[in-house]
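Comments concern the structure below.
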Amino acid sequence: MNVNATLLEEIYHTLLKTYGPQHWWPGETPFEVCIGAILTQNTNWGNVEKAIANLKAAAVLNVAALADLQPSALAELIRPAGYFNVKADRLQQFVRFLQVQHQGSLDSLFHAPWQQTRTELLTVKGIGPETADSILLYAGQKPSFVVDAYTRRIFSRLGLVPEEIGYDQLRDFFMTTLPASTAFFNEYHALIVQHGKQYCRPRPGCKGCCLARFCCSCQCE
DNA sequence: GGCCAGGACACCA
DNA sequence: TGGTGTCATGGC
(Lines give C-alpha, C1' and ligand atoms only; values in the text may rest on other atoms or scores of the structure.)
Protein backbone atom coordinates (compact mmCIF):
# COMPACT_ATOMS: atom_id res chain seq x y z
CA MET A 1 0.00 0.00 0.00
CA ASN A 2 1.50 3.35 -1.00
CA VAL A 3 1.58 6.52 1.06
CA ASN A 4 -1.52 8.00 -0.54
CA ALA A 5 -3.50 4.82 0.00
CA THR A 6 -2.60 4.80 3.68
CA LEU A 7 -3.50 8.48 3.98
CA LEU A 8 -6.82 8.12 2.15
CA GLU A 9 -7.73 5.15 4.35
CA GLU A 10 -6.79 7.12 7.46
CA ILE A 11 -8.88 10.10 6.36
CA TYR A 12 -11.80 7.77 5.68
CA HIS A 13 -11.65 6.21 9.12
CA THR A 14 -11.36 9.62 10.77
CA LEU A 15 -14.42 10.84 8.90
CA LEU A 16 -16.33 7.67 9.74
CA LYS A 17 -15.45 7.95 13.41
CA THR A 18 -16.45 11.62 13.40
CA TYR A 19 -19.74 11.42 11.52
CA GLY A 20 -20.74 7.76 11.62
CA PRO A 21 -22.25 5.78 8.73
CA GLN A 22 -24.22 8.04 6.38
CA HIS A 23 -26.55 5.41 4.89
CA TRP A 24 -26.55 6.95 1.42
CA TRP A 25 -28.25 7.47 -1.00
CA PRO A 26 -31.38 8.98 0.58
CA GLY A 27 -33.72 7.50 -2.04
CA GLU A 28 -36.24 4.67 -1.74
CA THR A 29 -35.57 3.01 -5.10
CA PRO A 30 -32.76 2.97 -7.68
CA PHE A 31 -34.96 5.00 -10.02
CA GLU A 32 -35.54 7.60 -7.34
CA VAL A 33 -31.78 7.75 -6.82
CA CYS A 34 -31.29 8.48 -10.53
CA ILE A 35 -33.88 11.25 -10.45
CA GLY A 36 -32.33 12.69 -7.30
CA ALA A 37 -28.87 12.62 -8.87
CA ILE A 38 -30.08 14.83 -11.71
CA LEU A 39 -32.16 17.13 -9.52
CA THR A 40 -29.34 17.72 -7.02
CA GLN A 41 -27.02 19.22 -9.63
CA ASN A 42 -25.68 22.41 -8.07
CA THR A 43 -28.57 22.40 -5.63
CA ASN A 44 -29.14 21.89 -1.93
CA TRP A 45 -30.51 18.41 -1.20
CA GLY A 46 -33.33 19.82 0.90
CA ASN A 47 -34.76 21.47 -2.18
CA VAL A 48 -34.45 18.22 -4.10
CA GLU A 49 -36.48 16.40 -1.46
CA LYS A 50 -39.31 18.85 -1.99
CA ALA A 51 -39.25 18.27 -5.73
CA ILE A 52 -39.23 14.49 -5.31
CA ALA A 53 -42.12 14.73 -2.86
CA ASN A 54 -44.06 16.65 -5.52
CA LEU A 55 -43.33 13.94 -8.10
CA LYS A 56 -44.53 11.26 -5.69
CA ALA A 57 -47.67 13.18 -4.80
CA ALA A 58 -48.45 13.54 -8.50
CA ALA A 59 -47.78 9.81 -8.99
CA VAL A 60 -45.30 10.48 -11.80
CA LEU A 61 -42.13 9.09 -10.26
CA ASN A 62 -41.77 6.41 -12.90
CA VAL A 63 -40.25 6.18 -16.36
CA ALA A 64 -43.42 6.25 -18.44
CA ALA A 65 -45.14 9.06 -16.55
CA LEU A 66 -42.09 11.31 -16.57
CA ALA A 67 -41.56 10.71 -20.27
CA ASP A 68 -45.17 11.58 -21.07
CA LEU A 69 -45.50 14.72 -18.94
CA GLN A 70 -45.66 18.10 -20.59
CA PRO A 71 -42.30 19.83 -19.98
CA SER A 72 -44.02 22.80 -18.36
CA ALA A 73 -45.98 20.53 -16.00
CA LEU A 74 -42.84 18.65 -15.01
CA ALA A 75 -40.96 21.91 -14.51
CA GLU A 76 -43.68 23.13 -12.17
CA LEU A 77 -43.45 19.95 -10.07
CA ILE A 78 -39.69 20.20 -9.67
CA ARG A 79 -39.62 23.98 -9.21
CA PRO A 80 -38.22 23.81 -5.64
CA ALA A 81 -35.05 22.12 -6.94
CA GLY A 82 -34.11 25.19 -8.96
CA TYR A 83 -33.13 25.33 -12.65
CA PHE A 84 -36.52 23.71 -13.16
CA ASN A 85 -36.74 24.22 -16.92
CA VAL A 86 -33.26 22.81 -17.48
CA LYS A 87 -33.81 19.89 -15.12
CA ALA A 88 -37.22 19.02 -16.53
CA ASP A 89 -35.54 18.56 -19.90
CA ARG A 90 -32.68 16.55 -18.36
CA LEU A 91 -35.09 14.22 -16.55
CA GLN A 92 -36.98 13.59 -19.77
CA GLN A 93 -33.75 13.06 -21.70
CA PHE A 94 -32.83 10.39 -19.15
CA VAL A 95 -36.14 8.51 -19.04
CA ARG A 96 -36.46 8.60 -22.83
CA PHE A 97 -32.94 7.23 -23.09
CA LEU A 98 -34.03 4.41 -20.77
CA GLN A 99 -37.10 3.75 -22.88
CA VAL A 100 -35.29 3.74 -26.21
CA GLN A 101 -32.08 1.96 -25.20
CA HIS A 102 -33.23 -0.24 -22.28
CA GLN A 103 -36.97 -0.76 -22.54
CA GLY A 104 -37.35 1.57 -19.57
CA SER A 105 -35.43 -0.84 -17.36
CA LEU A 106 -32.63 0.11 -14.96
CA ASP A 107 -31.75 -3.57 -14.67
CA SER A 108 -31.01 -3.51 -18.38
CA LEU A 109 -28.97 -0.32 -18.01
CA PHE A 110 -26.82 -1.82 -15.28
CA HIS A 111 -26.46 -5.23 -16.91
CA ALA A 112 -23.39 -4.36 -18.99
CA PRO A 113 -19.91 -3.88 -17.50
CA TRP A 114 -20.20 -0.66 -15.53
CA GLN A 115 -17.45 1.13 -17.44
CA GLN A 116 -19.56 0.64 -20.54
CA THR A 117 -22.65 1.89 -18.74
CA ARG A 118 -20.73 4.98 -17.65
CA THR A 119 -19.79 5.78 -21.23
CA GLU A 120 -23.41 5.28 -22.23
CA LEU A 121 -24.74 7.54 -19.47
CA LEU A 122 -22.35 10.29 -20.51
CA THR A 123 -23.99 10.38 -23.94
CA VAL A 124 -27.26 11.49 -22.34
CA LYS A 125 -27.65 15.25 -22.49
CA GLY A 126 -27.69 16.60 -18.97
CA ILE A 127 -25.75 13.74 -17.41
CA GLY A 128 -22.17 14.75 -16.74
CA PRO A 129 -19.43 12.76 -15.00
CA GLU A 130 -20.54 13.37 -11.41
CA THR A 131 -24.17 12.54 -12.12
CA ALA A 132 -23.16 9.43 -14.07
CA ASP A 133 -20.93 8.23 -11.24
CA SER A 134 -23.64 8.93 -8.66
CA ILE A 135 -26.11 6.88 -10.68
CA LEU A 136 -23.60 4.04 -11.10
CA LEU A 137 -22.56 3.96 -7.45
CA TYR A 138 -25.79 4.66 -5.62
CA ALA A 139 -28.44 3.31 -8.00
CA GLY A 140 -26.43 0.59 -9.76
CA GLN A 141 -24.21 -0.48 -6.86
CA LYS A 142 -21.13 -0.25 -9.10
CA PRO A 143 -17.68 0.69 -7.74
CA SER A 144 -17.38 4.04 -9.51
CA PHE A 145 -15.98 6.72 -7.19
CA VAL A 146 -17.92 10.00 -7.10
CA VAL A 147 -16.00 13.22 -6.70
CA ASP A 148 -17.55 16.63 -6.29
CA ALA A 149 -16.71 20.21 -5.36
CA TYR A 150 -16.20 19.22 -1.70
CA THR A 151 -13.77 16.46 -2.69
CA ARG A 152 -11.69 18.91 -4.69
CA ARG A 153 -11.67 21.51 -1.91
CA ILE A 154 -10.82 19.10 0.87
CA PHE A 155 -8.12 17.07 -0.83
CA SER A 156 -6.47 20.00 -2.56
CA ARG A 157 -6.32 21.88 0.75
CA LEU A 158 -4.77 18.83 2.30
CA GLY A 159 -2.13 19.11 -0.40
CA LEU A 160 -2.86 15.72 -1.96
CA VAL A 161 -4.00 17.03 -5.33
CA PRO A 162 -3.74 20.36 -7.21
CA GLU A 163 -6.67 22.72 -6.63
CA GLU A 164 -7.30 23.01 -10.36
CA ILE A 165 -7.39 19.24 -10.90
CA GLY A 166 -10.04 18.08 -13.35
CA TYR A 167 -12.91 15.74 -12.55
CA ASP A 168 -11.51 12.67 -14.26
CA GLN A 169 -8.03 13.20 -12.85
CA LEU A 170 -9.37 13.56 -9.32
CA ARG A 171 -11.54 10.49 -9.76
CA ASP A 172 -8.58 8.54 -11.10
CA PHE A 173 -6.59 9.54 -8.02
CA PHE A 174 -9.11 7.75 -5.80
CA MET A 175 -9.86 4.88 -8.19
CA THR A 176 -6.21 3.96 -8.66
CA THR A 177 -5.24 4.48 -5.04
CA LEU A 178 -8.09 2.74 -3.23
CA PRO A 179 -9.33 -0.83 -3.58
CA ALA A 180 -12.48 -1.00 -5.73
CA SER A 181 -15.41 -1.47 -3.37
CA THR A 182 -18.95 -0.25 -3.83
CA ALA A 183 -19.66 -0.08 -0.10
CA PHE A 184 -16.39 1.74 0.59
CA PHE A 185 -16.84 4.26 -2.23
CA ASN A 186 -20.44 4.79 -1.19
CA GLU A 187 -19.54 5.66 2.37
CA TYR A 188 -16.44 7.66 1.47
CA HIS A 189 -18.24 10.07 -0.84
CA ALA A 190 -21.11 10.48 1.61
CA LEU A 191 -18.68 11.28 4.41
CA ILE A 192 -16.85 13.81 2.25
CA VAL A 193 -20.14 15.58 1.56
CA GLN A 194 -21.08 15.50 5.24
CA HIS A 195 -17.73 16.98 6.20
CA GLY A 196 -17.83 19.47 3.36
CA LYS A 197 -21.21 20.80 4.42
CA GLN A 198 -19.85 21.62 7.85
CA TYR A 199 -16.37 22.85 7.14
CA CYS A 200 -15.75 23.53 3.50
CA ARG A 201 -18.03 26.40 2.66
CA PRO A 202 -15.91 29.24 1.36
CA ARG A 203 -15.85 32.02 3.92
CA PRO A 204 -13.44 34.84 4.69
CA GLY A 205 -10.35 33.64 6.47
CA CYS A 206 -11.38 30.01 6.51
CA LYS A 207 -9.90 27.37 4.28
CA GLY A 208 -12.07 24.62 5.71
CA CYS A 209 -11.03 21.06 6.40
CA CYS A 210 -10.48 21.47 10.13
CA LEU A 211 -10.81 17.85 10.97
CA ALA A 212 -8.53 17.00 13.90
CA ARG A 213 -5.62 15.08 12.38
CA PHE A 214 -6.34 16.47 8.93
CA CYS A 215 -6.44 20.17 9.60
CA CYS A 216 -5.54 22.82 7.08
CA SER A 217 -3.52 25.85 8.06
CA CYS A 218 -6.37 28.25 8.76
CA GLN A 219 -6.69 27.15 12.43
CA CYS A 220 -10.39 27.97 12.59
CA GLU A 221 -12.83 25.83 14.56
C1' DG B 1 -29.96 41.29 0.72
C1' DG B 2 -26.17 38.32 -0.42
C1' DC B 3 -24.12 33.95 -0.65
C1' DC B 4 -24.21 29.22 -1.48
C1' DA B 5 -25.71 24.54 -2.70
C1' DG B 6 -24.10 16.83 -3.61
C1' DG B 7 -23.35 20.42 -12.23
C1' DA B 8 -23.78 20.56 -17.01
C1' DC B 9 -23.82 22.71 -21.27
C1' DA B 10 -23.72 26.34 -24.90
C1' DC B 11 -21.05 29.72 -26.72
C1' DC B 12 -16.99 32.18 -27.99
C1' DA B 13 -12.22 33.41 -28.86
C1' DT C 1 -9.34 23.71 -25.80
C1' DG C 2 -10.13 26.59 -22.05
C1' DG C 3 -12.72 30.37 -20.05
C1' DT C 4 -17.22 32.47 -19.23
C1' DG C 5 -22.22 32.93 -18.95
C1' DT C 6 -26.59 30.72 -17.99
C1' DC C 7 -29.90 28.15 -15.63
C1' DA C 8 -33.11 29.41 -10.36
C1' DT C 9 -35.01 27.98 -5.88
C1' DG C 10 -34.75 28.07 -0.81
C1' DG C 11 -32.09 28.25 3.58
C1' DC C 12 -29.05 30.72 6.47
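Just remember, in the C-alpha coordinates the first chain shown is A, the second B, etc., residues are 1-based per chain, and ligands are 1-based in the order shown.
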Please return, as a PDB file with N, CA and C atoms, in the first residue's frame, all residues of chain A lying within 7 Å of chain B when only C-alpha atoms (C1' of nucleotides) are considered.
ATOM      1  N   THR A  40     -30.228  17.106  -8.024  1.00  0.00           N
ATOM      2  CA  THR A  40     -29.344  17.719  -7.025  1.00  0.00           C
ATOM      3  C   THR A  40     -28.172  18.476  -7.650  1.00  0.00           C
ATOM      4  N   GLN A  41     -28.113  18.497  -8.979  1.00  0.00           N
ATOM      5  CA  GLN A  41     -27.016  19.218  -9.634  1.00  0.00           C
ATOM      6  C   GLN A  41     -26.972  20.681  -9.177  1.00  0.00           C
ATOM      7  N   ASN A  42     -25.903  21.040  -8.549  1.00  0.00           N
ATOM      8  CA  ASN A  42     -25.679  22.413  -8.070  1.00  0.00           C
ATOM      9  C   ASN A  42     -26.824  22.929  -7.201  1.00  0.00           C
ATOM     10  N   THR A  43     -27.397  22.048  -6.413  1.00  0.00           N
ATOM     11  CA  THR A  43     -28.573  22.403  -5.628  1.00  0.00           C
ATOM     12  C   THR A  43     -28.541  21.723  -4.268  1.00  0.00           C
ATOM     13  N   ASN A  44     -29.024  22.425  -3.274  1.00  0.00           N
ATOM     14  CA  ASN A  44     -29.138  21.888  -1.932  1.00  0.00           C
ATOM     15  C   ASN A  44     -30.082  20.685  -1.909  1.00  0.00           C
ATOM     16  N   GLY A 126     -27.305  16.230 -20.326  1.00  0.00           N
ATOM     17  CA  GLY A 126     -27.688  16.603 -18.969  1.00  0.00           C
ATOM     18  C   GLY A 126     -27.081  15.703 -17.911  1.00  0.00           C
ATOM     19  N   GLY A 128     -23.609  14.564 -16.687  1.00  0.00           N
ATOM     20  CA  GLY A 128     -22.167  14.749 -16.744  1.00  0.00           C
ATOM     21  C   GLY A 128     -21.488  13.687 -15.897  1.00  0.00           C
ATOM     22  N   VAL A 193     -19.071  14.580   1.670  1.00  0.00           N
ATOM     23  CA  VAL A 193     -20.136  15.581   1.563  1.00  0.00           C
ATOM     24  C   VAL A 193     -20.550  16.063   2.947  1.00  0.00           C
TER      25      VAL A 193
END
Exercise for the section: Please determine the contact residues of chain A with respect to chain C at a cut-off of 6 Å, counting only C-alpha atoms (C1' of nucleotides), and supply them as an MDAnalysis selection string. Expected result: chainID A and resid 80:83
Practice task
Fewer than 2 positions away in the same chain doesn't count, so skip those; otherwise give me all residues within 9 Å of Gly36 in chain A, counting only C-alpha atoms (C1' of nucleotides), as a list in words.
Solution key: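 Residues meeting the cut-off are Pro26, Gly27, Phe31, Glu32, Val33, Cys34, Ile38, Leu39, Thr40, Gln41, Trp45, Val48, Glu49 and Ile52 of chain A.
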Store the residues picked out above, limited to N, CA and C atoms, as a PDB file, in the first residue's frame.
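Below is the file out23.pdb, written as the result:
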ATOM      1  N   PRO A  26     -30.057   8.811  -0.010  1.00  0.00           N
ATOM      2  CA  PRO A  26     -31.378   8.977   0.581  1.00  0.00           C
ATOM      3  C   PRO A  26     -32.507   8.874  -0.433  1.00  0.00           C
ATOM      4  N   GLY A  27     -32.633   7.725  -1.077  1.00  0.00           N
ATOM      5  CA  GLY A  27     -33.721   7.496  -2.037  1.00  0.00           C
ATOM      6  C   GLY A  27     -34.292   6.114  -1.807  1.00  0.00           C
ATOM      7  N   PHE A  31     -34.468   3.971  -9.092  1.00  0.00           N
ATOM      8  CA  PHE A  31     -34.960   4.998 -10.019  1.00  0.00           C
ATOM      9  C   PHE A  31     -35.030   6.356  -9.321  1.00  0.00           C
ATOM     10  N   GLU A  32     -35.489   6.348  -8.090  1.00  0.00           N
ATOM     11  CA  GLU A  32     -35.544   7.605  -7.336  1.00  0.00           C
ATOM     12  C   GLU A  32     -34.140   8.172  -7.135  1.00  0.00           C
ATOM     13  N   VAL A  33     -33.177   7.305  -6.958  1.00  0.00           N
ATOM     14  CA  VAL A  33     -31.782   7.747  -6.818  1.00  0.00           C
ATOM     15  C   VAL A  33     -31.327   8.446  -8.098  1.00  0.00           C
ATOM     16  N   CYS A  34     -31.673   7.870  -9.238  1.00  0.00           N
ATOM     17  CA  CYS A  34     -31.292   8.482 -10.527  1.00  0.00           C
ATOM     18  C   CYS A  34     -31.904   9.872 -10.668  1.00  0.00           C
ATOM     19  N   ILE A  38     -29.946  13.755 -10.715  1.00  0.00           N
ATOM     20  CA  ILE A  38     -30.083  14.832 -11.708  1.00  0.00           C
ATOM     21  C   ILE A  38     -30.590  16.108 -11.031  1.00  0.00           C
ATOM     22  N   LEU A  39     -31.569  15.939 -10.157  1.00  0.00           N
ATOM     23  CA  LEU A  39     -32.157  17.127  -9.519  1.00  0.00           C
ATOM     24  C   LEU A  39     -31.180  17.836  -8.579  1.00  0.00           C
ATOM     25  N   THR A  40     -30.228  17.106  -8.024  1.00  0.00           N
ATOM     26  CA  THR A  40     -29.344  17.719  -7.025  1.00  0.00           C
ATOM     27  C   THR A  40     -28.172  18.476  -7.650  1.00  0.00           C
ATOM     28  N   GLN A  41     -28.113  18.497  -8.979  1.00  0.00           N
ATOM     29  CA  GLN A  41     -27.016  19.218  -9.634  1.00  0.00           C
ATOM     30  C   GLN A  41     -26.972  20.681  -9.177  1.00  0.00           C
ATOM     31  N   TRP A  45     -29.701  19.628  -1.209  1.00  0.00           N
ATOM     32  CA  TRP A  45     -30.509  18.411  -1.203  1.00  0.00           C
ATOM     33  C   TRP A  45     -31.911  18.636  -0.615  1.00  0.00           C
ATOM     34  N   VAL A  48     -34.189  19.396  -3.271  1.00  0.00           N
ATOM     35  CA  VAL A  48     -34.447  18.217  -4.103  1.00  0.00           C
ATOM     36  C   VAL A  48     -35.526  17.351  -3.467  1.00  0.00           C
ATOM     37  N   GLU A  49     -35.484  17.222  -2.156  1.00  0.00           N
ATOM     38  CA  GLU A  49     -36.479  16.403  -1.460  1.00  0.00           C
ATOM     39  C   GLU A  49     -37.889  16.935  -1.694  1.00  0.00           C
ATOM     40  N   ILE A  52     -38.903  15.912  -5.236  1.00  0.00           N
ATOM     41  CA  ILE A  52     -39.225  14.487  -5.314  1.00  0.00           C
ATOM     42  C   ILE A  52     -40.567  14.211  -4.639  1.00  0.00           C
TER      43      ILE A  52
END
Practice task
Would you please extract all helix (DSSP H, G or I) residues from range 5-219 of chain A, as assigned by DSSP on the backbone, and give them as a ChimeraX atom specification?
Solution key: /A:5-19,30-39,45-57,63-68,71-77,79-81,84-102,106-109,114-121,129-139,149-157,167-177,182-199
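All residues of protein, DNA or RNA that reach within 9 Å of Gln92 in chain A, judged by only C-alpha atoms (C1' of nucleotides) and not counting those fewer than 5 positions away in the chain, are A:Val63, A:Leu66, A:Ala67, A:Asp68, A:Leu69, A:Pro71, A:Lys87, A:Phe97.
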Exercise for the section: Mind giving me the straight-line distance from CA of Thr182 in chain A to CA of Tyr138 in chain A in Å, one decimal? Expected result: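 Separation between CA of Thr182 in chain A and CA of Tyr138 in chain A: 8.6 Å.
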Practice task
Run DSSP on the backbone and give me the residues of range 3-216 of chain A it puts in strand (DSSP E or B), as a VMD selection string.
Solution key: chain A and resid 203 206 211 214
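Computed from the coordinates, the CA of Glu187 in chain A to CA of Pro21 in chain A distance equals 6.9 Å.
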Problem - For Lys142 in chain A: contacts at 9 Å, only C-alpha atoms (C1' of nucleotides), fewer than 2 positions along chain excluded, given as number ranges by chain - result: A: 110, 114, 133, 135-140, 144-145, 181-182
Handout entry: Coordinates-based distance that separates CA of Leu7 in chain A from CA of Gly159 in chain A (Å, one decimal)
Key =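 Between these atoms lies a distance of 11.6 Å.
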